[in-house]
Amino acid sequence: MSTSPLSKSIAYLRKSYERAELSEEASQADPLAQFDQWLKEALAAQVPEPNAMTLASVGSNLRPSTRIVLLKGYDERGIVFFTNYESRKGHELAGNPFGALQFHWVELERVVRIEGQVHKASKEESDAYYQSRPLDSRIGAWASPQSQVIASRGVLVANAARYGAQFLLQPPRPPHWGGIRLVPDRWEFWQGRKSRLHDRLRYQLDQGQWNRARLAP
């Protein structure tokens, strides 16, 4: 089978990473502090959607799947995002409560990878965030049977109109919608470097302590 001209041109795409470095001496001993520093730098650099992260989960059939979700909170308890619990990711994380997250800040030539166990956020936390959302988004959480097959976009529009008329300005949080918290036990910080000799620092939890190590790129 012949290779298309586009495929050939993609094969020769190259970029030299030369913006920054990541050393053990200059990095934080605590991965959460290192993440906080890098996220603030991404915000300051006005990286597009710096809180967008890829979430990976594995279903009962052992097939992995990924999607983009938005970071909505982080602290020593873990990393929080919100979703429909009846979606594909909701079912997969319920059946196999481990996930992986990845941030890719292209403009800064940086990647952060996070792995750990997941559990639902508290009802109070989910309620508080839900009430902070714009009205259309709150109605949308009712209107979309996420990950299910629908006949057309008209189904969503009709659902939104129906729930909007039912709840008016005060829709309650749907019982199938709320927060998920990933509790990290492994972090990796990747900084692009020249000649593909990238910097990779891994933090792994061992008996309550974070062990930092350098990985080959």
# chains A, B, ... in the order shown; residues from 1 in each chain; ligands from 1

call {"tool": "closest_atom_pairs", "arguments": {"of": "stretch 120-181 of chain A", "to": "stretch 67-89 of chain A", "cutoff": "7 Å", "atoms": "only C-alpha atoms", "output": "Markdown table"}}
result
| residue | atom | partner | partner_atom | distance |
| --- | --- | --- | --- | --- |
| A:Gln146 | CA | A:Ser87 | CA | 5.1 |
| A:Ser147 | CA | A:Ser87 | CA | 5.2 |
| A:His176 | CA | A:Tyr85 | CA | 5.2 |
| A:Trp177 | CA | A:Asn84 | CA | 4.4 |
| A:Gly178 | CA | A:Phe82 | CA | 5.3 |
| A:Gly179 | CA | A:Phe82 | CA | 4.1 |
| A:Ile180 | CA | A:Phe81 | CA | 5.6 |
| A:Arg181 | CA | A:Val80 | CA | 4.4 |

call {"tool": "residues_around", "arguments": {"residues": "A:Asn61", "least_positions_apart": "2", "cutoff": "12 Å", "atoms": "only C-alpha atoms", "output": "PDB file with N, CA, C and O atoms, in the first residue's frame"}}
result
ATOM      1  N   SER A  57      -9.612   6.264  31.338  1.00  0.00           N
ATOM      2  CA  SER A  57     -10.239   5.259  32.199  1.00  0.00           C
ATOM      3  C   SER A  57     -10.246   3.937  31.450  1.00  0.00           C
ATOM      4  O   SER A  57     -10.001   3.890  30.239  1.00  0.00           O
ATOM      5  N   VAL A  58     -10.526   2.856  32.166  1.00  0.00           N
ATOM      6  CA  VAL A  58     -10.540   1.525  31.557  1.00  0.00           C
ATOM      7  C   VAL A  58     -11.852   0.840  31.908  1.00  0.00           C
ATOM      8  O   VAL A  58     -12.239   0.783  33.081  1.00  0.00           O
ATOM      9  N   GLY A  59     -12.534   0.334  30.884  1.00  0.00           N
ATOM     10  CA  GLY A  59     -13.816  -0.323  31.097  1.00  0.00           C
ATOM     11  C   GLY A  59     -13.668  -1.776  31.517  1.00  0.00           C
ATOM     12  O   GLY A  59     -12.557  -2.323  31.578  1.00  0.00           O
ATOM     13  N   ARG A  63     -10.764  -2.170  27.691  1.00  0.00           N
ATOM     14  CA  ARG A  63     -10.440  -1.197  26.649  1.00  0.00           C
ATOM     15  C   ARG A  63     -10.294   0.186  27.288  1.00  0.00           C
ATOM     16  O   ARG A  63     -11.216   0.655  27.970  1.00  0.00           O
ATOM     17  N   PRO A  64      -9.161   0.848  27.074  1.00  0.00           N
ATOM     18  CA  PRO A  64      -8.997   2.207  27.613  1.00  0.00           C
ATOM     19  C   PRO A  64      -9.750   3.214  26.756  1.00  0.00           C
ATOM     20  O   PRO A  64      -9.981   2.998  25.562  1.00  0.00           O
ATOM     21  N   SER A  65     -10.138   4.311  27.355  1.00  0.00           N
ATOM     22  CA  SER A  65     -10.753   5.405  26.611  1.00  0.00           C
ATOM     23  C   SER A  65     -10.303   6.721  27.219  1.00  0.00           C
ATOM     24  O   SER A  65      -9.979   6.803  28.408  1.00  0.00           O
ATOM     25  N   GLU A  92     -17.177   3.649  33.766  1.00  0.00           N
ATOM     26  CA  GLU A  92     -15.848   3.011  33.806  1.00  0.00           C
ATOM     27  C   GLU A  92     -15.138   3.291  35.123  1.00  0.00           C
ATOM     28  O   GLU A  92     -14.519   2.398  35.710  1.00  0.00           O
ATOM     29  N   GLY A  95     -16.668   1.232  37.908  1.00  0.00           N
ATOM     30  CA  GLY A  95     -16.313  -0.183  37.860  1.00  0.00           C
ATOM     31  C   GLY A  95     -14.851  -0.454  38.119  1.00  0.00           C
ATOM     32  O   GLY A  95     -14.485  -1.506  38.650  1.00  0.00           O
ATOM     33  N   ASN A  96     -14.004   0.481  37.753  1.00  0.00           N
ATOM     34  CA  ASN A  96     -12.559   0.353  37.946  1.00  0.00           C
ATOM     35  C   ASN A  96     -12.069   1.714  38.437  1.00  0.00           C
ATOM     36  O   ASN A  96     -11.723   2.580  37.635  1.00  0.00           O
TER      37      ASN A  96
END

call {"tool": "atom_distance", "arguments": {"atom1": "atom CA of A:Gly90", "atom2": "atom CA of A:Glu188"}}
result
24.6 Å

call {"tool": "closest_residue", "arguments": {"among": "A:Pro172, A:Gly99, A:Pro217, A:Pro184", "to": "A:Tyr129", "atoms": "only C-alpha atoms"}}
result
A:Pro172

call {"tool": "residues_around", "arguments": {"residues": "A:Ser16", "least_positions_apart": "4", "cutoff": "9 Å", "atoms": "only C-alpha atoms", "output": "VMD selection string"}}
result
chain A and resid 192 to 196

call {"tool": "select_by_dssp", "arguments": {"residues": "stretch 120-189 of chain A", "states": "alpha helix (DSSP H)", "output": "mmCIF file with N, CA, C and O atoms, in the first residue's frame"}}
result
data_model
loop_
_atom_site.group_PDB
_atom_site.id
_atom_site.type_symbol
_atom_site.label_atom_id
_atom_site.label_comp_id
_atom_site.auth_asym_id
_atom_site.auth_seq_id
_atom_site.Cartn_x
_atom_site.Cartn_y
_atom_site.Cartn_z
ATOM 1 N N LYS A 123 -21.620 15.392 48.305
ATOM 2 C CA LYS A 123 -22.821 16.040 47.776
ATOM 3 C C LYS A 123 -22.753 17.547 47.975
ATOM 4 O O LYS A 123 -23.174 18.319 47.104
ATOM 5 N N GLU A 124 -22.216 17.975 49.115
ATOM 6 C CA GLU A 124 -22.123 19.410 49.397
ATOM 7 C C GLU A 124 -21.201 20.100 48.395
ATOM 8 O O GLU A 124 -21.507 21.206 47.909
ATOM 9 N N GLU A 125 -20.083 19.466 48.079
ATOM 10 C CA GLU A 125 -19.145 20.032 47.122
ATOM 11 C C GLU A 125 -19.763 20.085 45.729
ATOM 12 O O GLU A 125 -19.637 21.087 45.008
ATOM 13 N N SER A 126 -20.443 19.024 45.339
ATOM 14 C CA SER A 126 -21.086 18.992 44.027
ATOM 15 C C SER A 126 -22.207 20.013 43.938
ATOM 16 O O SER A 126 -22.368 20.703 42.911
ATOM 17 N N ASP A 127 -22.994 20.139 45.006
ATOM 18 C CA ASP A 127 -24.073 21.129 45.025
ATOM 19 C C ASP A 127 -23.520 22.539 44.868
ATOM 20 O O ASP A 127 -24.055 23.345 44.102
ATOM 21 N N ALA A 128 -22.449 22.834 45.609
ATOM 22 C CA ALA A 128 -21.878 24.185 45.588
ATOM 23 C C ALA A 128 -21.367 24.539 44.202
ATOM 24 O O ALA A 128 -21.608 25.651 43.698
ATOM 25 N N TYR A 129 -20.674 23.607 43.549
ATOM 26 C CA TYR A 129 -20.170 23.912 42.215
ATOM 27 C C TYR A 129 -21.321 24.018 41.214
ATOM 28 O O TYR A 129 -21.331 24.915 40.360
ATOM 29 N N TYR A 130 -22.291 23.123 41.320
ATOM 30 C CA TYR A 130 -23.421 23.158 40.387
ATOM 31 C C TYR A 130 -24.123 24.506 40.449
ATOM 32 O O TYR A 130 -24.462 25.093 39.403
ATOM 33 N N GLN A 131 -24.327 25.022 41.641
ATOM 34 C CA GLN A 131 -25.023 26.300 41.783
ATOM 35 C C GLN A 131 -24.202 27.472 41.255
ATOM 36 O O GLN A 131 -24.761 28.535 40.950
ATOM 37 N N SER A 132 -22.896 27.297 41.117
ATOM 38 C CA SER A 132 -22.047 28.373 40.599
ATOM 39 C C SER A 132 -22.062 28.439 39.069
ATOM 40 O O SER A 132 -21.568 29.406 38.485
ATOM 41 N N LEU A 135 -26.888 29.331 34.229
ATOM 42 C CA LEU A 135 -28.173 28.642 34.175
ATOM 43 C C LEU A 135 -28.242 27.655 33.010
ATOM 44 O O LEU A 135 -28.716 26.520 33.176
ATOM 45 N N ASP A 136 -27.771 28.061 31.834
ATOM 46 C CA ASP A 136 -27.819 27.164 30.676
ATOM 47 C C ASP A 136 -27.044 25.877 30.924
ATOM 48 O O ASP A 136 -27.452 24.805 30.482
ATOM 49 N N SER A 137 -25.917 25.986 31.625
ATOM 50 C CA SER A 137 -25.118 24.794 31.921
ATOM 51 C C SER A 137 -25.813 23.901 32.932
ATOM 52 O O SER A 137 -25.733 22.669 32.857
ATOM 53 N N ARG A 138 -26.501 24.512 33.882
ATOM 54 C CA ARG A 138 -27.244 23.713 34.864
ATOM 55 C C ARG A 138 -28.390 22.949 34.190
ATOM 56 O O ARG A 138 -28.617 21.771 34.477
ATOM 57 N N ILE A 139 -29.083 23.623 33.283
ATOM 58 C CA ILE A 139 -30.143 22.949 32.532
ATOM 59 C C ILE A 139 -29.552 21.871 31.633
ATOM 60 O O ILE A 139 -30.110 20.776 31.471
ATOM 61 N N GLY A 140 -28.379 22.162 31.051
ATOM 62 C CA GLY A 140 -27.724 21.198 30.170
ATOM 63 C C GLY A 140 -27.400 19.891 30.856
ATOM 64 O O GLY A 140 -27.399 18.823 30.231
ATOM 65 N N ALA A 141 -27.095 19.961 32.159
ATOM 66 C CA ALA A 141 -26.798 18.735 32.906
ATOM 67 C C ALA A 141 -28.024 17.823 32.974
ATOM 68 O O ALA A 141 -27.890 16.603 33.067
ATOM 69 N N TRP A 142 -29.211 18.404 32.943
ATOM 70 C CA TRP A 142 -30.450 17.622 32.895
ATOM 71 C C TRP A 142 -30.760 17.170 31.470
ATOM 72 O O TRP A 142 -31.264 16.072 31.252
ATOM 73 N N ALA A 143 -30.461 18.033 30.491
ATOM 74 C CA ALA A 143 -30.913 17.798 29.122
ATOM 75 C C ALA A 143 -30.135 16.724 28.380
ATOM 76 O O ALA A 143 -30.666 16.087 27.479
ATOM 77 N N ARG A 153 -29.800 16.301 17.200
ATOM 78 C CA ARG A 153 -29.570 17.398 18.129
ATOM 79 C C ARG A 153 -30.882 17.946 18.678
ATOM 80 O O ARG A 153 -30.942 18.487 19.785
ATOM 81 N N GLY A 154 -31.968 17.746 17.896
ATOM 82 C CA GLY A 154 -33.275 18.209 18.335
ATOM 83 C C GLY A 154 -33.683 17.625 19.680
ATOM 84 O O GLY A 154 -34.440 18.241 20.433
ATOM 85 N N VAL A 155 -33.203 16.422 19.981
ATOM 86 C CA VAL A 155 -33.506 15.796 21.272
ATOM 87 C C VAL A 155 -32.961 16.652 22.407
ATOM 88 O O VAL A 155 -33.643 16.897 23.415
ATOM 89 N N LEU A 156 -31.734 17.129 22.253
ATOM 90 C CA LEU A 156 -31.120 17.964 23.291
ATOM 91 C C LEU A 156 -31.865 19.286 23.444
ATOM 92 O O LEU A 156 -32.105 19.762 24.562
ATOM 93 N N VAL A 157 -32.201 19.901 22.308
ATOM 94 C CA VAL A 157 -32.912 21.181 22.338
ATOM 95 C C VAL A 157 -34.268 21.023 23.023
ATOM 96 O O VAL A 157 -34.665 21.841 23.860
ATOM 97 N N ALA A 158 -34.973 19.947 22.676
ATOM 98 C CA ALA A 158 -36.284 19.703 23.280
ATOM 99 C C ALA A 158 -36.156 19.430 24.775
ATOM 100 O O ALA A 158 -36.959 19.924 25.583
ATOM 101 N N ASN A 159 -35.154 18.651 25.148
ATOM 102 C CA ASN A 159 -34.934 18.364 26.571
ATOM 103 C C ASN A 159 -34.628 19.643 27.340
ATOM 104 O O ASN A 159 -35.137 19.860 28.451
ATOM 105 N N ALA A 160 -33.773 20.486 26.765
ATOM 106 C CA ALA A 160 -33.410 21.742 27.437
ATOM 107 C C ALA A 160 -34.628 22.625 27.626
ATOM 108 O O ALA A 160 -34.827 23.235 28.693
ATOM 109 N N ALA A 161 -35.480 22.687 26.609
ATOM 110 C CA ALA A 161 -36.697 23.496 26.718
ATOM 111 C C ALA A 161 -37.630 22.935 27.793
ATOM 112 O O ALA A 161 -38.224 23.686 28.586
ATOM 113 N N ARG A 162 -37.736 21.612 27.832
ATOM 114 C CA ARG A 162 -38.643 20.980 28.810
ATOM 115 C C ARG A 162 -38.172 21.196 30.238
ATOM 116 O O ARG A 162 -38.958 21.577 31.113
ATOM 117 N N TYR A 163 -36.858 20.970 30.474
ATOM 118 C CA TYR A 163 -36.354 21.148 31.834
ATOM 119 C C TYR A 163 -36.286 22.626 32.224
ATOM 120 O O TYR A 163 -36.464 22.976 33.393
ATOM 121 N N GLY A 164 -36.055 23.497 31.220
ATOM 122 C CA GLY A 164 -36.073 24.925 31.512
ATOM 123 C C GLY A 164 -37.442 25.383 31.963
ATOM 124 O O GLY A 164 -37.566 26.175 32.910
ATOM 125 N N ALA A 165 -38.485 24.882 31.306
ATOM 126 C CA ALA A 165 -39.849 25.232 31.693
ATOM 127 C C ALA A 165 -40.209 24.627 33.056
ATOM 128 O O ALA A 165 -40.944 25.223 33.849
ATOM 129 N N GLN A 166 -39.660 23.453 33.343
ATOM 130 C CA GLN A 166 -39.985 22.773 34.606
ATOM 131 C C GLN A 166 -39.314 23.444 35.795
ATOM 132 O O GLN A 166 -39.948 23.668 36.832
ATOM 133 N N PHE A 167 -38.035 23.805 35.633
ATOM 134 C CA PHE A 167 -37.276 24.307 36.779
ATOM 135 C C PHE A 167 -37.139 25.828 36.811
ATOM 136 O O PHE A 167 -36.738 26.389 37.836
#

call {"tool": "closest_residue", "arguments": {"among": "A:Arg133, A:Lys40, A:Arg110, A:Lys15", "to": "A:Arg200", "atoms": "only C-alpha atoms"}}
result
A:Arg110

call {"tool": "atom_distance", "arguments": {"atom1": "atom CA of A:Leu201", "atom2": "atom CA of A:Ala121"}}
result
28.9 Å

call {"tool": "closest_residue", "arguments": {"among": "A:Val112, A:Leu101, A:Ala94, A:Ile10", "to": "A:Trp38", "atoms": "only C-alpha atoms"}}
result
A:Val112

call {"tool": "select_by_dssp", "arguments": {"residues": "stretch 22-189 of chain A", "states": "strand (DSSP E or B)", "output": "ChimeraX atom specification"}}
result
/A:52-58,64-70,73-75,78-84,98-105,110-120,177-189

call {"tool": "atom_distance", "arguments": {"atom1": "atom CA of A:Leu182", "atom2": "atom CA of A:Asp36"}}
result
15.9 Å

call {"tool": "residues_around", "arguments": {"residues": "A:Phe98", "least_positions_apart": "6", "cutoff": "6 Å", "atoms": "only C-alpha atoms", "output": "list of chain:residue names"}}
result
A:Gly116, A:Gln117, A:Val118
